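What's in my_file-v6.cif: mmCIF, C-alpha atoms
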data_model
#
loop_
_atom_site.label_atom_id
_atom_site.label_comp_id
_atom_site.auth_asym_id
_atom_site.auth_seq_id
_atom_site.Cartn_x
_atom_site.Cartn_y
_atom_site.Cartn_z
CA MET A 454 3.31 15.13 25.04
CA LYS A 455 5.66 15.91 22.13
CA GLU A 456 8.61 14.76 24.17
CA ASN A 457 6.86 11.50 24.98
CA ILE A 458 6.43 10.70 21.29
CA GLU A 459 10.09 11.54 20.68
CA GLU A 460 11.17 9.32 23.56
CA LYS A 461 8.98 6.55 22.18
CA ILE A 462 10.50 6.90 18.69
CA VAL A 463 14.02 6.69 20.10
CA LYS A 464 13.18 3.72 22.33
CA LEU A 465 11.46 1.80 19.53
CA LEU A 466 14.16 2.47 16.93
CA ARG A 467 16.88 1.27 19.32
CA SER A 468 14.98 -1.87 20.28
CA HIS A 469 16.33 -5.32 19.39
CA SER A 470 12.86 -6.37 18.21
CA SER A 471 12.31 -5.82 14.48
CA ARG A 472 8.60 -5.26 15.10
CA ASP A 473 9.40 -2.41 17.51
CA ARG A 474 11.84 -0.86 15.03
CA GLU A 475 9.21 -1.02 12.30
CA GLU A 476 6.72 0.67 14.61
CA GLY A 477 9.39 3.29 15.37
CA CYS A 478 9.77 3.99 11.62
CA HIS A 479 6.01 4.40 11.24
CA LEU A 480 5.85 6.67 14.28
CA LEU A 481 8.68 8.82 12.90
CA GLU A 482 6.82 9.01 9.60
CA LYS A 483 3.58 9.97 11.31
CA ALA A 484 5.31 12.63 13.39
CA PHE A 485 7.42 14.33 10.71
CA LYS A 486 6.65 13.31 7.15
CA THR A 487 3.98 15.94 6.42
CA ARG A 488 6.18 18.66 7.89
CA VAL A 489 9.22 17.58 5.87
CA THR A 490 7.41 17.16 2.56
CA SER A 491 5.60 20.48 2.90
CA TRP A 492 8.94 22.22 3.63
CA VAL A 493 10.50 20.61 0.53
CA ARG A 494 7.53 21.66 -1.63
CA LYS A 495 8.07 25.30 -0.59
CA GLN A 496 11.71 25.26 -1.77
CA GLN A 497 12.98 26.05 -5.24
CA GLY A 498 13.85 23.40 -7.75
CA ARG A 499 10.82 21.11 -7.42
CA ILE A 500 12.82 18.30 -5.90
CA PRO A 501 10.58 15.29 -5.18
CA PRO A 502 9.63 15.59 -1.47
CA GLU A 503 9.42 11.83 -1.11
CA ASP A 504 13.11 11.42 -2.05
CA ILE A 505 14.21 14.02 0.48
CA TRP A 506 11.96 12.52 3.15
CA GLN A 507 13.36 9.03 2.65
CA SER A 508 16.95 10.15 2.61
CA ALA A 509 16.53 12.35 5.70
CA ALA A 510 14.43 9.80 7.57
CA LEU A 511 17.04 7.09 6.98
CA ASN A 512 19.77 9.37 8.28
CA MET A 513 17.63 10.27 11.28
CA ILE A 514 17.02 6.60 12.05
CA LEU A 515 20.73 5.94 11.71
CA ALA A 516 21.57 8.86 13.98
CA ILE A 517 19.15 7.57 16.60
CA GLN A 518 20.40 3.99 16.37
CA THR A 519 24.07 4.95 16.53
CA GLN A 520 23.36 7.16 19.55
CA LYS A 521 24.60 10.18 17.58
CA TYR A 522 21.25 11.72 18.27
CA GLN A 523 20.41 12.11 21.92
CA ILE A 524 17.29 13.76 23.27
CA ILE A 525 18.09 17.16 24.73
CA PRO A 526 15.44 18.33 27.20
CA GLY A 527 13.60 21.37 25.86
CA VAL A 528 14.86 20.89 22.30
CA GLN A 529 12.56 19.30 19.78
CA MET A 530 13.74 16.32 17.77
CA TYR A 531 12.67 18.15 14.63
CA THR A 532 15.43 20.74 15.15
CA PHE A 533 17.98 18.01 14.52
CA PHE A 534 15.85 16.33 11.88
CA HIS A 535 15.42 19.58 9.98
CA HIS A 536 19.19 19.83 9.57
CA LEU A 537 19.20 16.38 8.00
CA VAL A 538 16.34 17.43 5.73
CA LYS A 539 18.21 20.57 4.69
CA ALA A 540 21.39 18.58 4.10
CA ALA A 541 19.53 16.04 1.95
CA TRP A 542 17.84 18.87 0.05
CA ILE A 543 21.16 20.67 -0.59
CA LYS A 544 22.67 17.42 -1.85
CA GLU A 545 19.85 17.03 -4.38
CA ALA A 546 19.60 20.73 -5.24
CA LYS A 547 23.28 20.89 -6.20
CA HIS A 548 22.39 19.35 -9.56
CA ILE A 549 19.54 21.81 -10.21
CA LEU A 550 20.06 25.21 -8.60
CA PRO A 551 22.78 27.86 -9.26
CA GLN A 552 25.97 27.49 -7.22
CA GLU A 553 25.48 30.84 -5.39
CA ASP A 554 22.10 29.76 -3.99
CA ILE A 555 23.57 26.51 -2.74
CA GLN A 556 26.58 28.27 -1.19
CA SER A 557 24.39 30.64 0.81
CA ARG A 558 22.26 27.73 1.99
CA GLU A 559 25.36 25.80 3.04
CA ASN A 560 26.74 28.78 4.99
CA ASP A 561 23.41 29.21 6.71
CA PHE A 562 23.38 25.48 7.44
CA GLU A 563 26.81 25.54 9.08
CA GLN A 564 26.19 28.63 11.21
CA THR A 565 23.05 27.47 13.01
CA HIS A 566 22.64 25.09 15.90
CA GLU A 567 26.17 24.07 16.63
CA GLU A 568 24.99 21.66 19.33
CA PHE A 569 23.84 19.32 16.57
CA ASN A 570 26.18 17.97 14.01
CA PRO A 571 24.20 16.10 11.38
CA GLU A 572 27.39 15.53 9.44
CA ILE A 573 28.09 12.78 11.95
CA ALA A 574 25.13 10.89 10.55
CA PHE A 575 26.65 11.10 7.10
CA ASP A 576 29.93 9.69 8.40
CA VAL A 577 28.04 6.75 9.79
CA ASN A 578 26.22 6.41 6.52
CA GLN A 579 29.54 6.23 4.72
CA LYS A 580 30.70 3.58 7.19
CA ARG A 581 27.56 1.57 6.37
CA ARG A 582 28.37 1.85 2.67
CA PHE A 583 31.87 0.50 3.29
CA ILE A 584 30.49 -2.41 5.31
CA SER A 585 28.08 -3.16 2.50
CA GLU A 586 30.93 -3.14 -0.03
CA CYS A 587 33.09 -5.38 2.14
CA LEU A 588 30.25 -7.80 2.79
CA GLU A 589 29.64 -8.05 -0.94
CA LYS A 590 33.19 -9.36 -1.35
CA LEU A 591 32.40 -12.37 0.85
CA ASP A 592 30.66 -15.51 -0.40
CA GLN A 593 27.00 -15.98 0.55
CA LYS A 594 27.65 -18.64 3.19
CA SER A 595 30.19 -16.45 4.99
CA LYS A 596 27.77 -13.52 4.93
CA ASP A 597 25.02 -15.70 6.34
CA ILE A 598 27.28 -17.06 9.09
CA LEU A 599 28.32 -13.55 10.12
CA LYS A 600 24.68 -12.47 10.12
CA ALA A 601 23.57 -15.49 12.15
CA ILE A 602 26.22 -15.02 14.84
CA LEU A 603 26.67 -11.27 15.03
CA TYR A 604 23.17 -10.05 14.16
CA GLU A 605 20.83 -12.85 15.14
CA GLY A 606 22.91 -13.86 18.18
CA LYS A 607 22.99 -17.56 17.31
CA ARG A 608 25.65 -19.80 18.87
CA VAL A 609 28.28 -21.54 16.76
CA VAL A 610 27.16 -24.90 18.14
CA ASP A 611 23.69 -24.25 16.75
CA ILE A 612 24.63 -23.18 13.25
CA HIS A 613 26.90 -25.94 11.93
CA GLU A 614 23.90 -28.07 10.91
CA GLU A 615 22.01 -25.12 9.49
CA PHE A 616 24.94 -24.23 7.23
CA ASP A 617 25.80 -27.82 6.41
CA LEU A 618 29.21 -27.71 8.12
CA LYS A 619 30.91 -30.81 9.49
CA ASN A 620 31.12 -29.79 13.12
CA HIS A 621 31.26 -27.02 15.66
CA ASN A 622 34.98 -26.34 15.05
CA ASN A 623 34.39 -26.13 11.34
CA ALA A 624 31.65 -23.56 11.87
CA LYS A 625 33.89 -21.55 14.18
CA GLN A 626 36.68 -21.66 11.62
CA ARG A 627 34.33 -20.39 8.87
CA PHE A 628 33.15 -17.60 11.16
CA PHE A 629 36.68 -16.47 11.97
CA ASN A 630 37.77 -16.62 8.34
CA ALA A 631 34.82 -14.46 7.32
CA LYS A 632 35.34 -12.09 10.24
CA ASN A 633 39.05 -11.65 9.47
CA LYS A 634 38.36 -10.99 5.79
CA LEU A 635 35.76 -8.40 6.69
CA ILE A 636 38.02 -6.67 9.21
CA ALA A 637 40.89 -6.61 6.69
CA CYS A 638 38.63 -5.06 4.06
CA LEU A 639 37.30 -2.47 6.48
CA LYS A 640 40.81 -1.54 7.60
CA LYS A 641 41.67 -0.79 4.01
CA HIS A 642 38.58 1.37 3.53
CA PHE A 643 38.61 3.62 6.53
CA GLY A 644 41.60 2.76 8.63
CA TYR A 645 39.78 0.81 11.27
CA GLY A 646 42.19 0.02 14.07
CA ASN A 647 44.04 3.31 13.61
CA GLU A 648 41.12 5.24 15.15
CA MET B 90 44.65 -16.10 20.82
CA GLU B 91 42.95 -19.49 21.03
CA THR B 92 41.51 -18.49 24.40
CA ASN B 93 40.01 -15.45 22.77
CA LYS B 94 38.48 -17.62 20.09
CA GLU B 95 36.79 -19.49 22.92
CA ASN B 96 35.60 -16.23 24.40
CA PHE B 97 34.29 -14.57 21.28
CA GLU B 98 30.69 -15.68 21.93
CA LYS B 99 30.86 -14.15 25.39
CA PHE B 100 32.14 -10.93 23.81
CA ILE B 101 29.23 -10.92 21.35
CA ASN B 102 26.76 -11.53 24.17
CA PHE B 103 28.34 -8.64 26.05
CA HIS B 104 27.89 -6.28 23.09
CA ARG B 105 24.36 -7.50 22.47
CA GLY B 106 23.55 -6.68 26.09
CA GLU B 107 22.79 -10.32 26.83
CA ALA B 108 25.63 -11.06 29.27
CA SER B 109 24.93 -11.45 32.97
CA GLU B 110 26.57 -9.17 35.53
CA ILE B 111 29.07 -11.88 36.52
CA GLU B 112 30.00 -12.52 32.87
CA LYS B 113 30.42 -8.80 32.30
CA GLN B 114 32.81 -8.54 35.26
CA GLU B 115 34.80 -11.52 33.98
CA ILE B 116 35.06 -10.09 30.49
CA LEU B 117 36.09 -6.65 31.74
CA ALA B 118 38.73 -8.25 33.92
CA LEU B 119 39.98 -10.36 31.00
CA ILE B 120 40.31 -7.48 28.57
CA GLY B 121 41.98 -5.45 31.31
CA ARG B 122 44.83 -7.89 31.64
CA ASP B 123 45.07 -9.40 28.13
CA GLU B 124 45.89 -7.13 25.19
CA ALA B 125 44.94 -9.73 22.55
CA ALA B 126 41.58 -10.30 24.27
CA ARG B 127 40.95 -6.56 24.30
CA GLU B 128 41.69 -6.39 20.58
CA GLU B 129 39.30 -9.28 19.89
CA PHE B 130 36.70 -7.67 22.15
CA GLU B 131 36.97 -4.37 20.23
CA GLU B 132 36.75 -6.10 16.86
CA MET B 133 33.63 -7.96 17.94
CA LYS B 134 32.14 -4.72 19.20
CA PHE B 135 32.89 -2.99 15.93
CA LEU B 136 31.50 -5.82 13.82
CA GLU B 137 28.44 -6.49 15.97
CA GLU B 138 27.51 -2.82 16.00
CA ASN B 139 28.07 -2.21 12.32
CA ILE B 140 26.47 -5.40 11.05
CA ARG B 141 23.49 -4.76 13.30
CA LEU B 142 23.18 -1.20 12.00
CA TYR B 143 23.63 -2.40 8.44
CA HIS B 144 20.69 -4.79 8.81
CA TRP B 145 18.58 -2.32 10.76
CA GLN B 146 19.11 0.25 8.04
CA LYS B 147 18.14 -2.23 5.35
CA GLU B 148 14.98 -2.93 7.32
CA ALA B 149 14.22 0.76 7.82
CA GLU B 150 14.77 1.40 4.11
CA MET B 151 12.26 -1.34 3.28
CA VAL B 152 9.73 0.00 5.79
CA LEU B 153 10.00 3.54 4.43
CA LYS B 154 9.74 2.39 0.80
CA LYS B 155 6.90 -0.01 1.60
CA SER B 156 4.90 2.72 3.25
CA VAL B 157 5.16 4.81 0.07
CA ARG B 158 4.11 2.12 -2.39
CA PRO B 159 0.95 1.10 -0.57
CA SER B 160 -0.06 4.69 -0.01
CA ILE B 161 0.12 5.53 -3.74
CA PHE B 162 -1.49 2.23 -4.61
CA THR B 163 -4.15 2.57 -1.94
CA ILE B 164 -5.08 6.08 -3.03
CA THR B 165 -5.25 5.13 -6.69
CA PHE B 166 -6.94 1.83 -6.06
CA GLY B 167 -9.23 3.40 -3.49
CA LYS B 168 -10.31 6.10 -5.91
CA ILE B 169 -10.88 3.64 -8.74
CA ALA B 170 -12.77 1.28 -6.45
CA LEU B 171 -14.92 4.13 -5.13
CA ALA B 172 -15.70 5.41 -8.62
CA ALA B 173 -16.53 1.90 -9.82
CA SER B 174 -18.77 1.31 -6.80
CA VAL B 175 -20.61 4.58 -7.37
CA ILE B 176 -21.09 3.81 -11.09
CA LEU B 177 -22.27 0.27 -10.35
CA LEU B 178 -24.61 1.40 -7.62
CA THR B 179 -26.07 4.20 -9.77
CA THR B 180 -26.53 1.85 -12.75
CA PHE B 181 -28.12 -0.82 -10.60
CA THR B 182 -30.43 1.68 -8.90
CA TYR B 183 -31.42 3.10 -12.29
CA LEU B 184 -32.14 -0.35 -13.69
CA LEU B 185 -34.03 -1.30 -10.57
CA LEU B 186 -36.15 1.78 -10.10
CA ASN B 187 -36.63 3.29 -13.55
CA ARG B 188 -40.20 2.70 -14.79
CA ASN B 189 -39.87 4.39 -18.14
CA TYR B 190 -40.01 1.38 -20.45
CA LEU B 191 -43.09 2.09 -22.52
CA PRO B 192 -42.14 4.04 -25.63
CA ASP B 193 -45.16 5.75 -27.14
CA ILE B 194 -45.59 3.36 -30.02
CA ILE B 195 -48.69 5.01 -31.36
CA ILE B 196 -47.05 8.33 -32.24
CA GLU B 197 -43.84 6.71 -33.45
CA GLN B 198 -45.59 4.03 -35.42
CA GLY B 199 -48.52 5.78 -37.06
CA THR B 200 -49.51 2.67 -38.96
CA LEU B 201 -50.16 0.55 -35.89
CA MET B 202 -53.93 0.77 -36.21
CA GLY B 203 -53.91 -0.29 -39.79
CA GLU B 204 -56.01 1.95 -42.01
CA PRO B 205 -56.52 5.54 -40.74
CA GLN B 206 -59.71 5.85 -38.76
CA SER B 207 -62.56 7.27 -40.79
CA LYS B 208 -64.28 10.05 -38.82
CA SER B 209 -67.52 9.58 -40.71
CA SER B 210 -67.70 5.86 -40.00
CA THR B 211 -69.86 4.88 -37.02
CA THR B 212 -68.80 1.24 -36.84
CA GLN B 213 -65.33 0.19 -35.69
CA SER B 214 -63.23 -2.59 -37.17
CA ALA B 215 -61.94 -5.39 -34.89
CA GLN B 216 -58.49 -3.83 -35.06
CA GLU B 217 -59.86 -0.47 -33.93
CA VAL B 218 -61.73 -2.08 -31.04
CA SER B 219 -58.55 -3.83 -30.04
CA TYR B 220 -56.61 -0.57 -30.19
CA ASN B 221 -59.19 1.17 -28.01
CA LEU B 222 -58.92 -1.65 -25.48
CA PHE B 223 -55.15 -1.20 -25.57
CA LEU B 224 -55.55 2.53 -24.87
CA MET B 225 -57.87 1.81 -21.97
CA GLY B 226 -55.36 -0.69 -20.65
CA LYS B 227 -52.65 1.91 -20.90
CA ALA B 228 -54.80 4.47 -19.11
CA SER B 229 -55.42 1.98 -16.30
CA TYR B 230 -51.70 1.24 -16.16
CA TYR B 231 -50.84 4.93 -15.73
CA ALA B 232 -53.54 5.16 -13.07
CA ASP B 233 -51.63 2.38 -11.28
CA ASN B 234 -54.57 0.04 -11.74
CA PHE B 235 -52.52 -2.84 -13.07
CA SER B 236 -55.10 -5.63 -12.76
CA GLU B 237 -57.53 -3.54 -14.84
CA ALA B 238 -54.76 -2.89 -17.39
CA ILE B 239 -54.02 -6.64 -17.59
CA LYS B 240 -57.73 -7.32 -18.26
CA TYR B 241 -57.87 -4.79 -21.13
CA TYR B 242 -54.61 -6.04 -22.66
CA HIS B 243 -55.93 -9.62 -22.57
CA GLN B 244 -59.15 -8.54 -24.28
CA ALA B 245 -57.15 -6.68 -26.93
CA LEU B 246 -54.92 -9.70 -27.50
CA ALA B 247 -57.98 -11.92 -28.04
CA THR B 248 -58.72 -10.12 -31.31
CA PRO B 249 -57.79 -12.34 -34.29
CA ASN B 250 -55.37 -11.35 -37.05
CA LEU B 251 -53.68 -8.48 -35.22
CA ARG B 252 -50.73 -6.85 -36.96
CA ASN B 253 -47.46 -8.33 -35.69
CA GLN B 254 -46.16 -5.01 -34.42
CA PHE B 255 -49.32 -4.31 -32.42
CA TYR B 256 -49.43 -7.88 -31.11
CA GLU B 257 -45.83 -7.65 -29.86
CA ALA B 258 -46.48 -4.21 -28.34
CA LEU B 259 -49.49 -5.58 -26.48
CA LYS B 260 -47.45 -8.46 -25.10
CA TRP B 261 -44.73 -6.07 -23.94
CA HIS B 262 -47.27 -3.85 -22.20
CA LEU B 263 -48.91 -6.91 -20.63
CA CYS B 264 -45.52 -8.14 -19.43
CA ILE B 265 -44.84 -4.83 -17.69
CA ALA B 266 -48.33 -4.73 -16.21
CA TYR B 267 -47.77 -8.20 -14.75
CA LEU B 268 -44.44 -7.09 -13.30
CA ARG B 269 -45.99 -4.02 -11.68
CA ASN B 270 -48.86 -6.13 -10.45
CA GLY B 271 -46.46 -8.39 -8.56
CA GLU B 272 -46.66 -11.39 -10.88
CA PRO B 273 -43.07 -11.83 -12.02
CA GLU B 274 -43.50 -15.42 -13.25
CA LYS B 275 -46.13 -14.39 -15.81
CA ALA B 276 -44.03 -11.40 -16.82
CA GLN B 277 -41.01 -13.67 -17.25
CA LYS B 278 -43.00 -16.01 -19.48
CA LEU B 279 -44.03 -13.11 -21.74
CA ILE B 280 -40.54 -11.65 -22.02
CA ASP B 281 -39.24 -15.12 -22.91
CA GLU B 282 -41.86 -15.35 -25.65
CA LEU B 283 -40.92 -11.91 -26.99
CA GLU B 284 -37.25 -12.82 -27.04
CA LYS B 285 -37.96 -15.93 -29.08
CA ILE B 286 -39.39 -13.83 -31.94
CA GLU B 287 -36.72 -13.90 -34.62
CA ASN B 288 -37.51 -10.73 -36.48
CA PRO B 289 -39.50 -8.51 -34.14
CA LYS B 290 -41.54 -5.68 -35.59
CA TYR B 291 -41.93 -3.85 -32.30
CA LYS B 292 -38.49 -2.70 -31.27
CA ILE B 293 -37.70 -2.90 -27.59
CA SER B 294 -34.40 -1.31 -26.67
CA ALA B 295 -31.72 -3.41 -24.98
CA LEU B 296 -31.77 -0.96 -22.06
CA ASN B 297 -35.49 -1.48 -21.50
CA LYS B 298 -35.02 -5.25 -21.65
CA LEU B 299 -32.21 -4.98 -19.11
CA LYS B 300 -34.39 -2.87 -16.82
CA ILE B 301 -37.17 -5.45 -16.96
CA LYS B 302 -34.77 -8.34 -16.36
CA THR B 303 -33.19 -6.58 -13.37
CA GLN B 304 -36.58 -5.75 -11.90
CA LEU B 305 -37.81 -9.28 -12.51
CA MET B 306 -34.76 -10.66 -10.78
CA ALA B 307 -35.26 -8.29 -7.82
CA ALA B 308 -38.98 -9.17 -7.67
CA LYS B 309 -38.16 -12.89 -7.56
CA ILE B 310 -35.54 -12.43 -4.83
CA PHE B 311 -37.51 -10.10 -2.59
#

Take the structure in the file and write it out as structure tokens.
Amino acid sequence: MKENIEEKIVKLLRSHSSRDREEGCHLLEKAFKTRVTSWVRKQQGRIPPEDIWQSAALNMILAIQTQKYQIIPGVQMYTFFHHLVKAAWIKEAKHILPQEDIQSRENDFEQTHEEFNPEIAFDVNQKRRFISECLEKLDQKSKDILKAILYEGKRVVDIHEEFDLKNHNNAKQRFFNAKNKLIACLKKHFGYGNE
Amino acid sequence: METNKENFEKFINFHRGEASEIEKQEILALIGRDEAAREEFEEMKFLEENIRLYHWQKEAEMVLKKSVRPSIFTITFGKIALAASVILLTTFTYLLLNRNYLPDIIIEQGTLMGEPQSKSSTTQSAQEVSYNLFLMGKASYYADNFSEAIKYYHQALATPNLRNQFYEALKWHLCIAYLRNGEPEKAQKLIDELEKIENPKYKISALNKLKIKTQLMAAKIF
């Protein structure tokens, strides 16, 4: 039964339908939020449980969507999720608790469950931050064209009117200019292309 | 390079999982033989994946934040709404059902009868007769015999030159007796008359007036 819910969460969060993804978020919340917030409340430092929940849940969603999290038969999803919760808690607690406490928690964190590596989720998170920064450098029209073609799956022939561009070739040119600028920016940030 | 620019939509379709089997085979064959096409294909994959994840994450962030705000709001609003409903319901029930609107004017206002009654006197003044009729009316009222109470109050009111305070008290008692007797129109008429008095001598509290008005309204509706 538990596994079915987990499979459903994964399926919904990876869906191309935004309604399904939203339902996946709610299902994840229903399945784990109480558990996460009650764990956070039991820790030292009185860190707001809602903050930890949101940070960990976002990383979990990201891990699922980037395929970094894969269901392992016989292993509960929460085992992976709990690592993300701990990591988010440590990140927040660093500002509040003594260094020795944090160090012991970090050691404990690294030694357990080597089959999961939640750090991967943080790498992806960093990648997302870089993309956000690079997108911000583009003008609004370029961002919208990239979104329309790459995210919404629209065809160039369909967007030139929507974006008030002369013709199909013009729209294609704008798309390629925006794409090349974005790629150049990303290469600078994390050496894309050298991977 | 230009050829790849023509193919970029096919590459995007491929990465979005929207390409047919034949298209997939064609694309795989193309990137197998053309280095520039492979590079374009990889760039599209990278961008499609990351832009999709970027937007999905923004969506997820909004969903998670949205589900917090309503929950706090709903709890707070829910509690306030519940408390307000309970208070309103209790107040309305009290106004509707409370029958305690007859302050004991005789004890509070010792002068209502006029001159103190002389025990030695065998004859009663008109005021005293009127007061006795009022008492009998009140007794009938408390015995739930409202029509009898109305009769006594009317007889008492017929006495000429009654003191203002007593006259107003009689009207108030008559009004309530009419209400309890199921004659809201007559009761309404009396309360309207009492409200028109500019400087009333018989004080009726605002709460008692509100009770009567609520009960009159309910009696008219039901």

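Proximity ranking of B:Trp261, B:Phe166, B:Phe235, B:Phe135 relative to B:Lys298 places B:Trp261 first, based on only C-alpha atoms.
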
Counting all atoms listed in the file, chain A residues within 7 Å of chain B, as a ChimeraX atom specification: /A:475,478,507,511,515,581,603-604

Point-to-point distance from atom CA of B:Ile310 to atom CA of B:Tyr241, Å rounded to tenths: 28.7 Å

Within 6 Å of stretch 247-259 of chain B using all atoms listed in the file, minus same-chain residues under 3 positions, as a ChimeraX atom specification: /B:244,262,290-291

Chain and number of each residue from the PyMOL selection byres ((chain A and resi 624-639) around 6), as a ChimeraX atom specification: /A:587,595,613,621-623,640-642

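In this model, the gap between atom CA of A:His536 and atom CA of A:Leu550 comes to 19.0 Å.
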
Non-local contacts of B:Leu299 (12 Å; only C-alpha atoms; under 2 positions in same chain excluded) as a JSON list (two decimals) with C-alpha atoms, in the coordinates of the input:
[["chain", "number", "residue", "atom", "x", "y", "z"],
["B", 180, "THR", "CA", -26.53, 1.85, -12.75],
["B", 181, "PHE", "CA", -28.12, -0.82, -10.60],
["B", 183, "TYR", "CA", -31.42, 3.10, -12.29],
["B", 184, "LEU", "CA", -32.14, -0.35, -13.69],
["B", 185, "LEU", "CA", -34.03, -1.30, -10.57],
["B", 186, "LEU", "CA", -36.15, 1.78, -10.10],
["B", 187, "ASN", "CA", -36.63, 3.29, -13.55],
["B", 188, "ARG", "CA", -40.20, 2.70, -14.79],
["B", 190, "TYR", "CA", -40.01, 1.38, -20.45],
["B", 280, "ILE", "CA", -40.54, -11.65, -22.02],
["B", 293, "ILE", "CA", -37.70, -2.90, -27.59],
["B", 294, "SER", "CA", -34.40, -1.31, -26.67],
["B", 295, "ALA", "CA", -31.72, -3.41, -24.98],
["B", 296, "LEU", "CA", -31.77, -0.96, -22.06],
["B", 297, "ASN", "CA", -35.49, -1.48, -21.50],
["B", 301, "ILE", "CA", -37.17, -5.45, -16.96],
["B", 302, "LYS", "CA", -34.77, -8.34, -16.36],
["B", 303, "THR", "CA", -33.19, -6.58, -13.37],
["B", 304, "GLN", "CA", -36.58, -5.75, -11.90],
["B", 305, "LEU", "CA", -37.81, -9.28, -12.51],
["B", 306, "MET", "CA", -34.76, -10.66, -10.78]]

Point (35.2, -7.3, 31.2), cut-off 12 Å, counting all atoms listed in the file, residues as a PyMOL selection string: chain B and resi 96+99-100+102-104+108-123+126-127+130-131

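Proximity of A:Ala546, A:Ile612, A:Val493, A:Leu480 to A:Val463, computed with all atoms listed in the file, is greatest for A:Leu480.
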